[in-house]
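Asks: If you scroll down you'll find the structure; I have some questions about it.
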Amino acid sequence: MSRPPLANAHPVPQPPTHHVPVCCAAFRGLARPYPQHRRRNRCEHSRRERPVTINEDRLVRIAAVNEPADTVLAIHGGPPVRRTAWPTYDKGAVCIHPEDELAAMRAIRSHLYFRYDHRAYGDTECGQFEQELCAYFGSKHALAVSSGTAALALAIMAAGIAPGSVIACPGFTFVATPSAIIMAGCRPLLVEVDENLHLDLGDLRRRWSSDIKAIMVVHMRGFASDVEALSDFAAEMGVPLFEDAVPALGAELNGRPLGTFGLAGAFSTQSDKSLNCGEGGFLLTDDSTLYARAVVLSGAYEGRCQRHFADGLPPIDTDLSLPLLSLRMDEIRAALLRSELSRLPIRLRAFRRNYQHVWDALSGLPGIEIRRPVAPGAYLGEAFIFRVPGEDAQWFADALCAEGIDARNLGSAHDTNVRVFWNWRFLFGTADVAEIQARLPVTTGYLGEAVDVPLSSTLSPADCDHLVTAVRRVARAMHAAPQPQALP
């Protein structure tokens with residue numbers, strides 16, 4: 001089903017002056033209380049912008065975006081758009097502030113690193129982090145764990161999905177999604193995605209069988225899947241829906257946080273996520289029985305599960321009937337995340353501002369089709385993905401890299417991108433790539449056309465303009481003449 005263009009669906013006012021986001025390093029001392037669930041203007045209290053009069057530097061950047069048509073591409077020996085590294089988390093572009101360091105030091109100096117020591121639940125960093133997550137997302141229960149993958153697997157196991165059951169998931173997702181299904185003792189069934197890389201409900205319906213006992217929807221690369229339609233379909237089929245919200249922490253669909261639509265939602269706090277403690281994750285659910293079982297499975301032994309319930313009465317008879325998997329979060333990481341959570345709205349605004357900047361400049365550019373959300377604003381904004389139908393997406397990505405922009409052809413045959421299903425060799429044994437790709441031909445085709453550019457929340461307007469200039473430059477050259485292959 002076609003969707004209205006994002007630019008029309010989510011217009012941005014054009015002020016007389018330009019605004020640039022205060023860089024992450026300048027957020028010092030701005031920690032503020034997190035907002036309540038579904039407060040539509042919850043980011044307004046965190047707005048920190050400074051008007052900048054258009055000056056000579058700005059005019060130079062505008063001129064760069066509208067450069068002459070005969071500019072030689074960097075991949076052909078011309079000067080690149082930028083010479084500094086494109087900021088990504090693995091190059092140190094992360095939002096850690098002095099108050100975060102103080103929070104971590106508070107936990108370190110306490111000498112109490114284990115969440116289940118002599119303290120009451122509400123006195124621990126993990127317990128307080130979980131309470132704050134519930135307030136932020138509007139969920140009844142939250143459980144902090146060791147990773148997003150652990151949260152996914154715990155949700156499946158705690159829901160009582162029998163080992164050996166089939167769980168449907170999209171063919172475009174991070175490898176952790178099928179891995180978590182296997183970790184829970186189940187079998188993933190891969191489903192096609194549509195032209196916007198969302199799980200294709202029509203294909204799921206065609207592939208449906210009585211062996212499928214659950215659906216795992218993934219909000220991949222920060223874009224919401226049509227989780228409302230999928231929730232209705234899951235109810236129709238009588239199976240639970242789980243949300244892999246790992247790639248989209250903080251994004252919403254129609255004003256409701258992703259990860260709160262299904263029976264349980266899983267999130268990651270790994271280094272490139274909206275909340276970053278290096279490694280970690282959490283689970284959200286309104287189902288008290290699932291929550292209690294997940295708490296025990298994660299490592300709350302010898303009655304410690306009781307601490308998670310105000311009346312001390314979890315809705316399970318015993319914690320001895322479940323294995324203990326030791327997937328807990330520690331106090332140091334929880335303290336760090338609590339501090340970061342207080343500024344999450346600021347970071348989310350930066351993601352969206354940068355994405356809107358790029359969208360406004362590139363929407364309608366001939367030759368590229370930008371990924372579209374399922375509803376206005378239903379995206380995080382941490383990745384800019386577009387397709388170049390009928391063209392060489394690998395060459396396009398290589399040309400962007402030569403211009404100084406990190407870019408990747410999602411369906412590249414030249415790397416081992418673990419976001420594409422044919423590289424999940426643990427699922428397919430000795431089958432060759434062509435045979436594996438033939439199982440999901442539509443997904444294979446769309447990924448082969450797709451180019452992915454990471455958008456850090458630390459990007460400046462100048463960085464965004466560099467991306468815009470590079471994409472325009474490469475797109476113009478691609479349609480001007482046949483392009484040679486990039487050098488290896």
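How things are named: the first chain in the structure tokens is A, the next is B, and so on; residues count from 1 in each chain; ligands count from 1 in the order shown.
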Mind checking which residues fall within 9 Å of region 233-238 of chain A, counting only C-alpha atoms, ignoring those fewer than 6 positions away in the same chain, and posting them as an NGL selection string?
Replies: :A and (201 or 205 or 213-215)
Asks: Restrict the selected residues to C-alpha atoms and save them as a compact mmCIF listing (two decimals), in the first residue's frame.
Replies:
```txt
# COMPACT_ATOMS: atom_id res chain seq x y z
CA LEU A 201 2.20 -8.81 5.82
CA ARG A 205 -0.09 -14.50 5.28
CA LYS A 213 3.59 -20.02 17.13
CA ALA A 214 4.67 -16.36 17.26
CA ILE A 215 5.62 -13.35 15.14
```
Asks: So that I can check the secondary structure, give me every residue of region 246-425 of chain A assigned alpha helix (DSSP H) by backbone DSSP, as number ranges by chain.
Replies: A: 288-298, 331-341, 344-362, 393-402, 425
Asks: Could you give me, as a Markdown table, a per-residue list for region 198-300 of chain A showing, wherever an atom lies at most 12 Å from an atom of region 175-184 of chain A, the closest pair of atoms and their distance in Å to one decimal, using only C-alpha atoms and sorting by chain then residue number from low to high?
Replies:
```
| residue | atom | partner | partner_atom | distance |
| --- | --- | --- | --- | --- |
| A:Lys213 | CA | A:Ile181 | CA | 11.8 |
| A:Ala214 | CA | A:Ile181 | CA | 10.4 |
| A:Ile215 | CA | A:Ile181 | CA | 10.6 |
| A:Met216 | CA | A:Thr177 | CA | 8.2 |
| A:Val217 | CA | A:Thr177 | CA | 9.5 |
| A:Val218 | CA | A:Thr177 | CA | 8.1 |
| A:His219 | CA | A:Thr177 | CA | 11.1 |
| A:Met220 | CA | A:Thr177 | CA | 10.5 |
| A:Phe242 | CA | A:Ile181 | CA | 11.0 |
| A:Glu243 | CA | A:Thr177 | CA | 10.2 |
| A:Asp244 | CA | A:Thr177 | CA | 7.4 |
| A:Ala245 | CA | A:Thr177 | CA | 10.4 |
| A:Val246 | CA | A:Thr177 | CA | 9.4 |
| A:Pro247 | CA | A:Thr177 | CA | 10.9 |
| A:Ala266 | CA | A:Thr177 | CA | 10.4 |
| A:Phe267 | CA | A:Thr177 | CA | 11.6 |
| A:Ser268 | CA | A:Ala176 | CA | 10.9 |
| A:Ala294 | CA | A:Ala184 | CA | 12.0 |
| A:Leu297 | CA | A:Ala184 | CA | 11.3 |
```
Asks: Got a sec: who's within 10 Å of region 453-456 of chain A, counting only C-alpha atoms, leaving out chain neighbours fewer than 2 positions off, as an MDAnalysis selection string?
Replies: chainID A and resid 86:89 93:95 221 272 274 347 350:352 354:355 358 381:386 397 400:401 405:409 451 458:460 463:464 467
Asks: Between CA of Val418 (chain A) and CA of Leu249 (chain A), measure the distance and give it in Å to one decimal.
Replies: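 Value for the CA of Val418 (chain A)-CA of Leu249 (chain A) distance: 20.2 Å.
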Asks: Give me the residues within 7 Å of region 360-375 of chain A as a ChimeraX atom specification, counting only C-alpha atoms and dropping any in the same chain fewer than 2 places off.
Replies: /A:3,6-7,196,223-226,253,356-358,377-379,385-388,468,475
Asks: Restricted to C-alpha atoms, what would the selected residues look like written as a CSV table (one decimal), in the first residue's frame?
Replies:
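The result, stored in again10.csv:
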```csv
chain,number,residue,atom,x,y,z
A,3,ARG,CA,2.1,6.0,1.7
A,6,LEU,CA,7.2,12.1,4.3
A,7,ALA,CA,7.8,15.7,3.4
A,196,ASN,CA,10.5,0.2,2.2
A,223,PHE,CA,11.9,2.6,11.0
A,224,ALA,CA,8.6,1.4,12.5
A,225,SER,CA,7.1,-1.7,10.9
A,226,ASP,CA,3.4,-1.6,10.5
A,253,LEU,CA,4.2,5.1,15.9
A,356,GLN,CA,14.7,16.0,8.3
A,357,HIS,CA,17.5,18.1,7.0
A,358,VAL,CA,18.7,15.4,4.6
A,377,GLY,CA,7.2,10.5,11.9
A,378,ALA,CA,7.4,6.8,12.5
A,379,TYR,CA,11.2,6.6,12.5
A,385,ILE,CA,18.4,4.5,3.4
A,386,PHE,CA,17.5,4.9,-0.3
A,387,ARG,CA,17.3,2.6,-3.3
A,388,VAL,CA,18.6,3.2,-6.8
A,468,VAL,CA,23.4,16.0,0.5
A,475,ALA,CA,23.4,10.6,-8.5
```
Asks: Pick out the closest residue to Gln306 (chain A) from this set: A:Ala334, A:Ala292, A:Asn276, A:Gly148. Count only C-alpha atoms.
Replies: A:Ala292
Asks: With only C-alpha atoms as the atoms that count, which of A:Ala107, A:Val420, A:Ala251, A:Val471 lies nearest to Pro170 (chain A)?
Replies: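 Between A:Ala107, A:Val420, A:Ala251, A:Val471, the residue approaching Pro170 (chain A) most closely is A:Val420.
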Asks: With only C-alpha atoms as the atoms that count, which of A:Asp398, A:Glu340, A:Glu101, A:Glu391 lies nearest to Leu275 (chain A)?
Replies: A:Glu340
Asks: DSSP on the backbone: which residues in region 201-422 of chain A end up as strand (DSSP E)? Give the answer as an MDAnalysis selection string.
Replies: chainID A and resid 212:218 241:244 252:253 256:257 264:268 281:285 369:370 383:387 408:409
Asks: Quick one: of A:Ile332, A:Leu197, A:Ala168, A:Leu324, who's nearest to Glu125 (chain A), counting only C-alpha atoms?
Replies: A:Ile332
Asks: With only C-alpha atoms as the atoms that count, which of A:Ala399, A:Val433, A:Ala477, A:Val442 lies nearest to Ala74 (chain A)?
Replies: A:Ala399
Asks: Nearest to Ser326 (chain A): which of A:Ser288, A:Thr84, A:Ser147, A:Ser209 is it, counting only C-alpha atoms?
Replies: A:Ser147
Asks: Just to confirm, what's the straight-line distance from CA of Leu143 (chain A) to CA of Gln131 (chain A) in Å (one decimal)?
Replies: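 That distance, rounded to one decimal, is 9.2 Å.
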Asks: Please report the interatomic distance between CA of Arg338 (chain A) and CA of Pro323 (chain A) in Å with one decimal.
Replies: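 For CA of Arg338 (chain A) relative to CA of Pro323 (chain A), the distance reads 29.0 Å.
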